[in-house]
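J.: Below is the file final_29.txt, which contains compact mmCIF, C-alpha atoms.
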# COMPACT_ATOMS: atom_id res chain seq x y z
CA MET J 60 128.13 -26.41 134.26
CA THR J 61 124.66 -27.85 133.92
CA GLU J 62 122.10 -25.76 132.08
CA THR J 63 119.64 -25.63 135.00
CA ASP J 64 119.50 -25.44 138.77
CA ASN J 65 122.39 -23.00 139.17
CA LYS J 66 122.02 -20.56 142.03
CA ILE J 67 122.58 -17.03 140.77
CA HIS J 68 123.63 -14.00 142.80
CA LEU J 69 123.60 -10.64 141.03
CA VAL J 70 124.89 -7.28 142.26
CA SER J 71 123.62 -4.24 140.36
CA LEU J 72 125.74 -1.07 140.59
CA GLY J 73 125.06 2.40 139.30
CA CYS J 74 121.87 3.98 138.08
CA ALA J 75 118.25 2.92 137.67
CA ARG J 76 118.89 2.13 134.01
CA ASN J 77 121.43 -0.47 135.09
CA LEU J 78 118.87 -1.87 137.51
CA VAL J 79 116.42 -2.46 134.67
CA ASP J 80 119.13 -4.37 132.78
CA SER J 81 119.86 -6.43 135.91
CA GLU J 82 116.21 -7.33 136.46
CA LEU J 83 115.85 -8.41 132.83
CA MET J 84 119.01 -10.55 132.98
CA LEU J 85 117.67 -12.30 136.08
CA GLY J 86 114.38 -12.79 134.26
CA GLN J 87 116.16 -14.55 131.40
CA LEU J 88 117.97 -16.83 133.83
CA VAL J 89 114.88 -17.68 135.88
CA GLY J 90 113.10 -18.46 132.63
CA LYS J 91 115.79 -21.04 131.91
CA GLY J 92 115.36 -22.75 135.26
CA HIS J 93 118.05 -21.04 137.32
CA ASP J 94 117.40 -19.93 140.90
CA ILE J 95 118.20 -16.62 142.57
CA THR J 96 120.00 -16.35 145.90
CA VAL J 97 120.63 -13.23 147.97
CA ASP J 98 123.69 -14.79 149.59
CA PRO J 99 126.81 -14.84 147.39
CA VAL J 100 128.28 -17.66 149.53
CA ASP J 101 125.54 -19.98 148.25
CA ALA J 102 125.81 -18.92 144.62
CA ASP J 103 127.13 -21.14 141.84
CA VAL J 104 127.29 -18.09 139.54
CA ILE J 105 127.92 -14.50 140.59
CA ILE J 106 127.13 -11.60 138.24
CA VAL J 107 128.25 -8.01 138.76
CA ASN J 108 126.46 -5.46 136.56
CA THR J 109 128.85 -2.54 136.62
CA CYS J 110 128.97 1.22 136.23
CA SER J 111 132.01 3.15 135.00
CA PHE J 112 130.61 6.63 134.34
CA ILE J 113 133.09 8.31 136.73
CA ASP J 114 136.24 7.22 138.55
CA SER J 115 134.46 6.49 141.82
CA ALA J 116 132.06 4.19 139.97
CA VAL J 117 135.00 2.36 138.36
CA ASP J 118 136.63 1.92 141.77
CA GLU J 119 133.38 0.65 143.28
CA SER J 120 132.91 -1.82 140.43
CA ILE J 121 136.45 -3.21 140.71
CA ASP J 122 136.29 -3.44 144.51
CA THR J 123 132.97 -5.27 144.31
CA ILE J 124 134.27 -7.73 141.70
CA LEU J 125 137.40 -8.54 143.69
CA GLU J 126 135.45 -8.95 146.92
CA LEU J 127 132.93 -11.31 145.33
CA ALA J 128 135.72 -13.21 143.54
CA GLN J 129 136.78 -14.56 146.94
CA ASN J 130 133.72 -16.79 146.82
CA LYS J 131 135.45 -18.82 144.12
CA THR J 132 137.74 -20.18 146.83
CA SER J 133 135.72 -19.76 150.03
CA GLY J 134 132.20 -20.32 148.67
CA ASN J 135 130.35 -22.29 146.01
CA CYS J 136 131.02 -19.91 143.13
CA ARG J 137 132.20 -21.65 139.98
CA ARG J 138 131.72 -18.75 137.60
CA LEU J 139 132.09 -14.98 137.92
CA ILE J 140 130.55 -12.81 135.21
CA VAL J 141 130.98 -9.05 134.80
CA THR J 142 128.49 -7.12 132.67
CA GLY J 143 127.74 -3.54 131.72
CA CYS J 144 129.70 -0.34 131.44
CA LEU J 145 133.05 -1.47 132.91
CA PRO J 146 133.81 -4.04 130.17
CA GLU J 147 132.27 -1.74 127.56
CA ARG J 148 134.64 1.06 128.55
CA PHE J 149 137.87 -0.89 129.02
CA ARG J 150 137.09 -3.76 126.62
CA GLU J 151 139.68 -6.56 126.21
CA LYS J 152 142.13 -4.84 128.56
CA ILE J 153 139.83 -5.57 131.49
CA ALA J 154 139.96 -9.30 130.77
CA GLU J 155 143.75 -9.24 130.86
CA SER J 156 143.82 -7.44 134.20
CA MET J 157 141.12 -9.50 135.97
CA PRO J 158 141.79 -13.24 135.55
CA GLU J 159 139.32 -13.92 138.38
CA VAL J 160 136.47 -13.19 135.96
CA ASP J 161 135.26 -15.89 133.58
CA PHE J 162 133.17 -13.78 131.19
CA PHE J 163 132.70 -10.11 130.36
CA LEU J 164 129.55 -8.85 128.65
CA GLY J 165 129.38 -5.28 127.34
CA THR J 166 126.28 -3.09 127.26
CA GLY J 167 125.28 -4.56 123.91
CA ALA J 168 125.32 -8.14 125.19
CA TYR J 169 122.89 -8.32 128.11
CA HIS J 170 120.70 -10.64 126.06
CA ARG J 171 123.60 -13.14 126.02
CA ILE J 172 123.62 -13.67 129.78
CA VAL J 173 122.20 -17.21 129.54
CA ASP J 174 125.08 -18.18 127.22
CA ALA J 175 127.58 -16.72 129.67
CA VAL J 176 126.08 -18.73 132.54
CA GLU J 177 125.61 -22.03 130.73
CA LYS J 178 128.41 -22.24 128.16
CA ASN J 179 131.14 -24.74 128.91
CA PRO J 180 134.37 -22.75 129.37
CA GLY J 181 136.33 -25.58 127.80
CA GLU J 182 134.49 -25.30 124.50
CA ASN J 183 135.15 -22.19 122.42
CA ARG J 184 135.37 -20.01 125.47
CA PHE J 185 134.57 -16.35 124.85
CA PRO J 186 135.94 -14.18 127.69
CA CYS J 187 134.45 -10.99 126.22
CA ILE J 188 131.25 -10.29 124.30
CA LEU J 189 131.55 -6.69 123.18
CA THR J 190 128.98 -6.26 120.44
CA SER J 191 127.86 -2.75 119.54
CA PRO J 192 125.51 -1.28 122.17
CA GLU J 193 123.24 -0.13 119.35
CA SER J 194 122.81 -3.72 118.14
CA ALA J 195 121.23 -4.91 121.38
CA PRO J 196 117.50 -5.62 121.10
CA PHE J 197 115.00 -3.89 123.34
CA GLN J 198 113.16 -6.20 125.70
CA ASN J 199 109.60 -7.18 124.85
CA SER J 200 106.90 -5.68 127.04
CA ASP J 201 106.12 -9.13 128.46
CA ALA J 202 109.75 -10.12 129.07
CA LEU J 203 110.19 -11.95 132.36
CA ARG J 204 111.70 -9.61 134.91
CA VAL J 205 112.81 -10.31 138.47
CA ARG J 206 111.74 -7.14 140.24
CA THR J 207 113.79 -5.79 143.10
CA SER J 208 110.88 -3.80 144.58
CA PRO J 209 107.33 -5.10 145.04
CA TYR J 210 105.69 -1.67 144.75
CA THR J 211 107.78 0.46 142.39
CA ALA J 212 109.38 -0.18 139.01
CA TYR J 213 111.55 1.59 136.47
CA VAL J 214 110.64 1.44 132.79
CA LYS J 215 113.37 2.22 130.28
CA ILE J 216 111.89 4.16 127.36
CA ALA J 217 115.09 4.76 125.36
CA GLU J 218 118.76 3.87 125.22
CA GLY J 219 121.86 5.90 124.44
CA CYS J 220 122.29 9.61 123.82
CA ASN J 221 122.97 11.91 120.87
CA LYS J 222 124.29 14.82 122.94
CA LYS J 223 127.99 15.74 122.83
CA CYS J 224 128.66 16.85 126.39
CA THR J 225 132.42 17.08 126.79
CA PHE J 226 132.43 15.50 130.27
CA CYS J 227 130.29 12.47 129.42
CA MET J 228 131.16 9.10 127.91
CA ILE J 229 127.62 7.67 127.82
CA PRO J 230 127.43 7.80 123.98
CA LYS J 231 130.58 5.65 123.95
CA LEU J 232 129.18 3.22 126.51
CA ARG J 233 125.57 3.10 125.32
CA GLY J 234 125.60 4.34 121.72
CA GLY J 235 123.29 6.89 120.13
CA LEU J 236 119.68 7.56 121.08
CA ARG J 237 117.27 4.70 120.37
CA SER J 238 113.67 5.12 121.49
CA ARG J 239 111.39 2.17 122.21
CA ASN J 240 108.10 1.83 120.40
CA ASP J 241 105.42 3.67 122.38
CA SER J 242 102.90 0.83 122.19
CA ASP J 243 105.42 -1.56 123.73
CA ILE J 244 106.06 0.86 126.60
CA VAL J 245 102.32 1.22 127.23
CA ALA J 246 101.93 -2.57 127.23
CA GLU J 247 104.75 -2.96 129.76
CA VAL J 248 103.26 -0.31 132.06
CA LEU J 249 99.89 -2.04 131.90
CA LEU J 250 101.44 -5.36 132.90
CA LEU J 251 103.32 -3.74 135.78
CA LYS J 252 100.18 -2.05 137.02
CA GLU J 253 98.24 -5.33 136.88
CA SER J 254 101.04 -7.01 138.89
CA GLY J 255 100.50 -4.60 141.79
CA ILE J 256 103.06 -1.89 141.06
CA ASN J 257 101.92 1.48 142.41
CA GLU J 258 104.68 3.72 141.04
CA ILE J 259 106.39 3.65 137.66
CA THR J 260 109.40 5.80 136.88
CA LEU J 261 110.34 6.37 133.25
CA VAL J 262 114.10 6.41 132.66
CA ALA J 263 116.54 6.88 129.80
CA GLN J 264 119.86 8.61 129.43
CA ASP J 265 117.97 11.58 127.98
CA THR J 266 114.31 10.98 128.84
CA THR J 267 112.94 14.21 127.43
CA CYS J 268 114.48 13.47 124.00
CA TYR J 269 112.27 10.39 123.70
CA GLY J 270 110.97 9.87 120.17
CA ILE J 271 113.08 12.32 118.20
CA ASP J 272 114.74 9.39 116.43
CA LEU J 273 111.45 7.74 115.46
CA VAL J 274 109.83 8.08 112.06
CA SER J 275 106.56 9.11 113.70
CA THR J 276 106.04 12.44 115.46
CA LYS J 277 105.28 10.75 118.78
CA ARG J 278 107.32 12.49 121.43
CA LEU J 279 107.40 12.35 125.21
CA ASP J 280 104.21 14.36 125.64
CA TYR J 281 102.32 11.85 123.47
CA LEU J 282 103.80 8.94 125.43
CA LEU J 283 102.84 10.56 128.73
CA GLU J 284 99.27 11.08 127.50
CA SER J 285 99.05 7.41 126.52
CA LEU J 286 100.50 6.20 129.82
CA ALA J 287 98.30 8.48 131.93
CA ALA J 288 95.24 7.02 130.25
CA VAL J 289 96.09 3.48 131.40
CA SER J 290 97.64 4.32 134.78
CA ASP J 291 94.78 5.65 136.85
CA GLY J 292 95.42 5.04 140.53
CA ILE J 293 99.21 4.79 140.32
CA TRP J 294 102.02 7.33 140.10
CA LEU J 295 104.00 8.06 136.95
CA ARG J 296 107.22 10.05 137.13
CA MET J 297 110.30 10.73 135.01
CA LEU J 298 114.01 10.95 135.74
CA TYR J 299 116.94 12.26 133.68
CA GLY J 300 115.47 15.10 131.65
CA HIS J 301 117.48 17.64 129.69
CA PRO J 302 116.95 21.43 129.71
CA GLU J 303 117.17 21.67 125.92
CA SER J 304 114.44 19.12 125.17
CA ILE J 305 111.67 20.09 127.59
CA ASN J 306 108.86 21.72 125.63
CA ASP J 307 105.59 23.42 126.55
CA ARG J 308 103.51 20.41 125.52
CA MET J 309 105.32 18.14 127.96
CA VAL J 310 104.90 20.59 130.84
CA LYS J 311 101.22 21.04 129.95
CA THR J 312 100.72 17.26 129.91
CA VAL J 313 102.14 16.92 133.43
CA ALA J 314 99.88 19.75 134.64
CA GLU J 315 96.75 18.13 133.17
CA HIS J 316 97.11 14.64 134.68
CA SER J 317 96.89 14.03 138.41
CA ASN J 318 98.54 10.60 138.12
CA ILE J 319 101.70 12.10 136.59
CA CYS J 320 103.81 13.33 139.49
CA SER J 321 104.53 17.05 139.30
CA TYR J 322 108.19 16.18 139.51
CA PHE J 323 110.81 17.50 137.11
CA ASP J 324 114.33 16.03 137.15
CA ILE J 325 116.38 18.39 134.98
CA PRO J 326 120.18 18.26 135.48
CA ILE J 327 121.64 21.68 134.63
CA GLN J 328 125.32 20.78 135.34
CA HIS J 329 126.23 24.46 135.81
CA ALA J 330 124.88 28.01 135.62
CA ASP J 331 127.87 30.00 134.38
CA ASN J 332 127.61 30.54 130.63
CA SER J 333 131.32 30.08 129.92
CA VAL J 334 131.42 26.80 131.85
CA LEU J 335 128.26 25.58 130.13
CA LYS J 336 129.83 26.30 126.75
CA ARG J 337 132.95 24.32 127.61
CA MET J 338 130.73 21.49 128.80
CA GLY J 339 129.02 21.37 125.43
CA ARG J 340 125.68 22.41 126.95
CA ARG J 341 123.86 24.65 124.49
CA TYR J 342 121.87 26.86 126.84
CA THR J 343 122.48 29.83 129.09
CA SER J 344 121.69 30.80 132.64
CA ASP J 345 118.87 33.06 131.43
CA TYR J 346 117.38 30.17 129.47
CA LEU J 347 117.38 28.03 132.62
CA LYS J 348 115.67 30.74 134.65
CA ARG J 349 112.93 31.09 132.03
CA LEU J 350 112.50 27.32 131.91
CA PHE J 351 112.06 26.93 135.66
CA ASP J 352 109.79 29.96 135.86
CA LYS J 353 107.62 28.45 133.12
CA ILE J 354 107.41 25.11 134.92
CA ARG J 355 106.48 26.71 138.23
CA SER J 356 103.85 28.96 136.68
CA SER J 357 102.31 26.09 134.69
CA VAL J 358 102.55 23.51 137.49
CA PRO J 359 102.20 25.41 140.79
CA ASP J 360 102.97 22.34 142.92
CA ALA J 361 105.99 21.36 140.83
CA SER J 362 108.93 19.79 142.60
CA ILE J 363 112.20 20.38 140.76
CA ARG J 364 115.35 18.30 141.10
CA THR J 365 118.61 19.15 139.39
CA THR J 366 122.27 18.12 139.31
CA ALA J 367 125.34 20.34 139.23
CA MET J 368 129.03 19.69 138.67
CA VAL J 369 131.87 21.55 140.37
CA GLY J 370 135.56 21.55 139.52
CA PHE J 371 135.08 21.38 135.73
CA PRO J 372 138.26 22.38 133.86
CA GLY J 373 138.59 26.14 133.82
CA GLU J 374 135.98 26.78 136.53
CA THR J 375 137.13 29.88 138.39
CA ASP J 376 136.03 31.13 141.79
CA LYS J 377 133.82 33.63 139.97
CA ASP J 378 132.25 30.85 137.87
CA PHE J 379 131.51 28.85 141.01
CA GLN J 380 130.03 31.92 142.69
CA THR J 381 127.66 32.29 139.73
CA LEU J 382 126.53 28.69 140.22
CA LEU J 383 126.12 29.17 143.96
CA GLU J 384 124.01 32.30 143.50
CA PHE J 385 121.89 30.55 140.88
CA ILE J 386 121.17 27.69 143.31
CA GLU J 387 120.28 30.20 146.02
CA GLU J 388 117.92 32.03 143.67
CA MET J 389 116.19 28.99 142.18
CA ARG J 390 115.54 27.24 145.53
CA PHE J 391 115.47 23.73 144.03
CA ASP J 392 113.58 21.09 145.98
CA HIS J 393 116.36 18.55 145.41
CA LEU J 394 119.95 18.96 144.27
CA GLY J 395 122.64 16.41 143.52
CA VAL J 396 126.24 17.64 143.33
CA PHE J 397 129.32 15.83 142.11
CA THR J 398 132.89 16.82 141.39
CA TYR J 399 134.32 16.59 137.90
CA SER J 400 135.88 13.20 137.15
CA ASP J 401 138.64 13.35 134.55
CA SER J 402 139.68 10.75 132.00
CA ASP J 403 141.82 10.95 128.89
CA GLU J 404 138.86 9.47 127.00
CA LEU J 405 136.86 12.67 127.52
CA LEU J 406 136.91 15.76 125.33
CA SER J 407 137.07 17.83 128.52
CA HIS J 408 140.39 16.19 129.38
CA ARG J 409 142.04 18.35 126.71
CA LEU J 410 140.74 21.59 128.19
CA SER J 411 143.17 23.83 130.04
CA ASP J 412 143.24 24.92 133.67
CA HIS J 413 142.13 21.75 135.42
CA VAL J 414 140.87 22.43 138.93
CA ASP J 415 142.73 20.97 141.90
CA HIS J 416 140.79 18.19 143.60
CA SER J 417 140.90 19.90 146.99
CA VAL J 418 139.36 23.04 145.48
CA ALA J 419 136.63 21.00 143.82
CA GLU J 420 135.87 19.27 147.13
CA GLU J 421 135.63 22.60 148.94
CA ARG J 422 133.18 23.87 146.32
CA TYR J 423 131.20 20.65 146.61
CA ASN J 424 130.87 21.09 150.36
CA ARG J 425 129.81 24.73 150.04
CA LEU J 426 127.14 23.90 147.47
CA MET J 427 125.79 20.99 149.47
CA SER J 428 125.69 23.11 152.63
CA CYS J 429 123.78 25.78 150.76
CA GLN J 430 121.29 23.23 149.44
CA ALA J 431 120.81 21.68 152.88
CA ASP J 432 119.52 25.04 154.14
CA ILE J 433 117.26 25.40 151.10
CA SER J 434 115.92 21.86 151.44
CA LEU J 435 115.11 22.38 155.12
CA GLU J 436 113.28 25.61 154.31
CA ASN J 437 111.33 23.93 151.51
CA ASN J 438 110.45 20.92 153.65
CA ARG J 439 109.20 23.07 156.52
CA LYS J 440 106.55 24.44 154.18
CA HIS J 441 104.93 20.97 154.22
CA ILE J 442 104.37 20.97 157.98
CA ASP J 443 100.62 20.68 158.76
CA ARG J 444 99.87 19.76 155.13
CA VAL J 445 98.29 16.43 154.26
CA CYS J 446 100.28 14.52 151.61
CA LYS J 447 99.66 11.28 149.77
CA VAL J 448 102.41 8.81 150.69
CA LEU J 449 103.34 5.45 149.19
CA VAL J 450 104.24 3.12 152.07
CA GLU J 451 107.33 1.02 151.25
CA SER J 452 108.69 -0.60 154.40
CA GLY J 453 108.41 -0.96 158.18
CA PRO J 454 107.47 -0.93 160.90
CA VAL J 455 110.69 -0.14 162.75
CA ASN J 456 110.33 1.43 166.19
CA GLY J 457 106.80 2.51 165.42
CA HIS J 458 107.65 4.09 162.06
CA TYR J 459 106.88 3.04 158.52
CA ILE J 460 108.86 4.47 155.63
CA GLY J 461 107.30 5.90 152.51
CA ARG J 462 107.59 8.67 149.95
CA THR J 463 105.44 11.51 148.73
CA SER J 464 105.00 12.27 145.03
CA PHE J 465 107.76 14.88 145.34
CA GLN J 466 110.28 12.32 146.65
CA ALA J 467 111.68 10.08 143.92
CA PRO J 468 112.90 6.58 144.83
CA GLU J 469 116.53 6.23 145.92
CA VAL J 470 117.64 9.77 145.07
CA ASP J 471 115.54 11.96 147.38
CA GLY J 472 114.46 11.95 151.00
CA ILE J 473 111.79 9.79 152.61
CA THR J 474 108.73 10.25 154.80
CA PHE J 475 108.55 8.57 158.20
CA ILE J 476 105.00 7.57 159.16
CA ARG J 477 104.29 7.21 162.88
CA SER J 478 101.69 4.47 163.06
CA ASP J 479 100.96 1.10 164.65
CA GLU J 480 99.75 -0.35 161.38
CA VAL J 481 99.54 0.79 157.76
CA GLU J 482 99.56 -1.47 154.73
CA LYS J 483 102.85 -1.69 152.87
CA GLY J 484 102.46 -0.95 149.19
CA SER J 485 99.40 1.23 149.78
CA PHE J 486 98.81 4.96 149.48
CA VAL J 487 98.12 6.68 152.79
CA MET J 488 97.16 10.27 153.50
CA VAL J 489 99.71 11.62 155.98
CA LYS J 490 99.70 14.88 157.90
CA ILE J 491 103.27 16.20 158.03
CA THR J 492 104.29 17.03 161.60
CA ASP J 493 108.01 17.67 161.29
CA ALA J 494 110.62 18.37 158.64
CA PHE J 495 114.36 17.85 158.33
CA GLU J 496 116.96 18.71 155.71
CA TYR J 497 115.87 15.88 153.44
CA ASP J 498 113.15 13.87 155.18
CA LEU J 499 109.66 14.40 156.56
CA THR J 500 107.69 12.89 159.45
CA GLY J 501 103.93 12.56 159.77
CA VAL J 502 100.90 10.65 160.99
CA PRO J 503 98.08 9.01 159.00
CA VAL J 504 94.81 10.94 158.86
Transcribe the structure of this file into structure tokens.

T.:
Amino acid sequence: MTETDNKIHLVSLGCARNLVDSELMLGQLVGKGHDITVDPVDADVIIVNTCSFIDSAVDESIDTILELAQNKTSGNCRRLIVTGCLPERFREKIAESMPEVDFFLGTGAYHRIVDAVEKNPGENRFPCILTSPESAPFQNSDALRVRTSPYTAYVKIAEGCNKKCTFCMIPKLRGGLRSRNDSDIVAEVLLLKESGINEITLVAQDTTCYGIDLVSTKRLDYLLESLAAVSDGIWLRMLYGHPESINDRMVKTVAEHSNICSYFDIPIQHADNSVLKRMGRRYTSDYLKRLFDKIRSSVPDASIRTTAMVGFPGETDKDFQTLLEFIEEMRFDHLGVFTYSDSDELLSHRLSDHVDHSVAEERYNRLMSCQADISLENNRKHIDRVCKVLVESGPVNGHYIGRTSFQAPEVDGITFIRSDEVEKGSFVMVKITDAFEYDLTGVPV
């Protein structure tokens, strides 16, 4: 293949952290003269950045790869590259089982994407690059990045995780916690703001543990203070916190800065103490209640999102009832629920009394039904209020689509704006006129 003028099509699967990696890979390729195409039929090179955190993500990754591989016979594709968590998890075995793929790059090899695109397969071909995830360099603040949204951006502040949750393989896929230098993060946020971004979401596997691995004492509260000082006029928010690492200083920092969204994403995973212990989560239900009470008393307009898992090995009907009652009591603004996904690579695989899938699904449906009622009740409280909304798309049938500060991109609901004309990418004051289980509707004022 020639070193320039290849048309590249990239599919990014999984979480926002993966999306950052995808945007940076595209930036490297554009910097070397390659072009981006949204149509895989036109692509000379197709890249699939995969997720393999749970079984459904593995299935989605494999299905996507096989579907796109058809373009090697029916389209222009001459090279298919798979990156990310799937090759990191299954390593050389994946290459043996998927001959359709020309190169595999693990999570420690994103910076080698140009080599994978340009290297002649006939010369020292390397089907797999599986260097240690912890050896991968962080991107520079000014690294070229092909953004997938013109108005919002994710900024990765750390990689990996030091926690030992029994159900999670992220430390295996991404290595231990590595925090970026705070000055580099500030510089990146400044550049994004100057480029027209109006919302920046900080992400990591364990966002609230930022900085504990650094020699300095600069933690997340210090980083937030620094970012708030250079981000006037735009929104800052965080995803993927951890109950154990949220301290009073961080909560106080959010309360003191109007440009930091009063939005707390804190996955609890469960609320029964025995289940939490088997999960390797070192807190109790009482600790969680005190934490959420503290947040709500310190930040009265706080919006709290959490995640819970059902069907974990050993979860009894009584354990699930404890979780259900906890959700009913806490009245979370947003809740994500997923069923336990087993693998013999997990410590939890060796636990006794695995829960039947049908039972886990029934518990999932009950918890989601409960949360739907809570969400509707919470959303109805916004009716007749005026909220600041970031306009993202439209118009379609007289409606634009945007989000309030208490609706995070991609994971929460949206706000429909009934208007003939509002400027996309702008902030608009919207009076909420109706509410649904997850979404809101309003008119500009």

J.: Pick out the residues sitting within 7 Å of range 88-98 of chain J, and hand them over as a VMD selection string; count only C-alpha atoms, and ignore anything fewer than 5 positions along from it in its own chain.

T.: chain J and resid 63 to 68 173

J.: Those same residues, written as a short mmCIF file (atom, residue, chain, number, x, y, z; two decimals), in the frame of the given file with C-alpha atoms?

T.:
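File written: result_11.cif
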data_model
loop_
_atom_site.label_atom_id
_atom_site.label_comp_id
_atom_site.auth_asym_id
_atom_site.auth_seq_id
_atom_site.Cartn_x
_atom_site.Cartn_y
_atom_site.Cartn_z
CA THR J 63 119.64 -25.63 135.00
CA ASP J 64 119.50 -25.44 138.77
CA ASN J 65 122.39 -23.00 139.17
CA LYS J 66 122.02 -20.56 142.03
CA ILE J 67 122.58 -17.03 140.77
CA HIS J 68 123.63 -14.00 142.80
CA VAL J 173 122.20 -17.21 129.54
#

J.: Taking all atoms listed in the file into account, which of J:Leu232, J:Val489, J:Val418, J:Lys152 comes nearest Thr190 in chain J?

T.: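 Comparing J:Leu232, J:Val489, J:Val418, J:Lys152 against Thr190 in chain J, the winner is J:Leu232.
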
J.: Check the smallest atom-to-atom distance from each of J:Arg308, J:His408, J:Lys131, J:Arg204 to Thr225 in chain J using all atoms listed in the file, then report the winner.

T.: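 Of the candidates, the smallest distance to Thr225 in chain J is held by J:His408.
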
J.: Grab the CA of Val396 in chain J to CA of Leu426 in chain J distance for me, in Å with one decimal place.

T.: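 Distance between the two atoms: 7.6 Å.
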
J.: Per residue of range 393-489 of chain J within 12 Å of range 246-265 of chain J, note the shortest atom pair and the distance in Å to one decimal, counting all atoms listed in the file, and order the rows by chain and increasing residue number, as a Markdown table.

T.:
| residue | atom | partner | partner_atom | distance |
| --- | --- | --- | --- | --- |
| J:Val448 | CA | J:Asn257 | CA | 11.1 |
| J:Leu449 | CA | J:Asn257 | CA | 8.0 |
| J:Val450 | CA | J:Asn257 | CA | 10.1 |
| J:Glu451 | CA | J:Asn257 | CA | 10.4 |
| J:Gly461 | CA | J:Glu258 | CA | 12.0 |
| J:Arg462 | CA | J:Glu258 | CA | 10.6 |
| J:Thr463 | CA | J:Glu258 | CA | 11.0 |
| J:Ser464 | CA | J:Glu258 | CA | 9.4 |
| J:Gln466 | CA | J:Glu258 | CA | 11.7 |
| J:Ala467 | CA | J:Thr260 | CA | 8.5 |
| J:Pro468 | CA | J:Thr260 | CA | 8.7 |
| J:Glu469 | CA | J:Thr260 | CA | 11.5 |
| J:Lys483 | CA | J:Asn257 | CA | 11.0 |
| J:Gly484 | CA | J:Asn257 | CA | 7.2 |
| J:Ser485 | CA | J:Asn257 | CA | 7.8 |
| J:Phe486 | CA | J:Asn257 | CA | 8.5 |

J.: Tell me which of J:His301, J:His170, J:His413, J:Arg355 sits closest to Lys222 in chain J, counting only C-alpha atoms.

T.: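 Of J:His301, J:His170, J:His413, J:Arg355, the one nearest Lys222 in chain J, counting only C-alpha atoms, is J:His301.
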
J.: Considering all atoms listed in the file, state which residue in the set J:Ser81, J:Ser357, J:Asn240, J:Ser407 is at the smallest distance from Val274 in chain J.

T.: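 Ranking J:Ser81, J:Ser357, J:Asn240, J:Ser407 by distance to Val274 in chain J, first place goes to J:Asn240.
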
J.: Write out as a VMD selection string which residues come within 7 Å of range 133-147 of chain J when counting all atoms listed in the file, dropping same-chain ones fewer than 5 positions away.

T.: chain J and resid 100 to 111 117 128 153 160 to 166 189 232

J.: Near Asn437 in chain J, within 10 Å and counting all atoms listed in the file, which residues show up once chain neighbours fewer than 5 positions away are dropped, as a PyMOL selection string?

T.: chain J and resi 390-393+431-432+442+494-497

J.: Go ahead and find all residues with at least one atom no further than 6 Å from (136.1, -7.6, 125.4) in the file's coordinates, using only C-alpha atoms; report them as a list in words.

T.: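 The residues near that point, listed by chain and number, are Arg150, Glu151, Cys187, Ile188 and Leu189 of chain J.
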
J.: Can you pull out every residue within 6 Å of Thr365 in chain J, counting all atoms listed in the file, but drop anything in the same chain fewer than 6 positions away, and send it as a PDB file with C-alpha atoms, in the coordinates of the input?

T.:
ATOM      1  CA  ASP J 324     114.330  16.030 137.150  1.00  0.00           C
ATOM      2  CA  ILE J 325     116.380  18.390 134.980  1.00  0.00           C
ATOM      3  CA  PRO J 326     120.180  18.260 135.480  1.00  0.00           C
ATOM      4  CA  LEU J 394     119.950  18.960 144.270  1.00  0.00           C
TER       5      LEU J 394
END

J.: Would you pick out the contacts of Asp443 in chain J at 6 Å or less, using all atoms listed in the file, so that residues sharing its chain but fewer than 3 positions from it are not included, and give the list as a count of residues only?

T.: 3

J.: Between CA of Ile124 in chain J and CA of Glu218 in chain J, what is the distance, to one decimal in Å?

T.: 25.4 Å

J.: CA of Thr343 in chain J and CA of Cys227 in chain J are how many Å apart?

T.: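 These two atoms are separated by 19.0 Å.
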
J.: For Glu387 in chain J, which residue among J:Glu159, J:Asp403, J:Glu436, J:Glu82 is the nearest when counting only C-alpha atoms?

T.: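 Going through J:Glu159, J:Asp403, J:Glu436, J:Glu82 one by one, the smallest distance to Glu387 in chain J is for J:Glu436.
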
J.: Measuring atom to atom with all atoms listed in the file, identify which of J:Ser434, J:Asn306, J:Thr381, J:Asn77 is nearest to Ile354 in chain J.

T.: J:Asn306
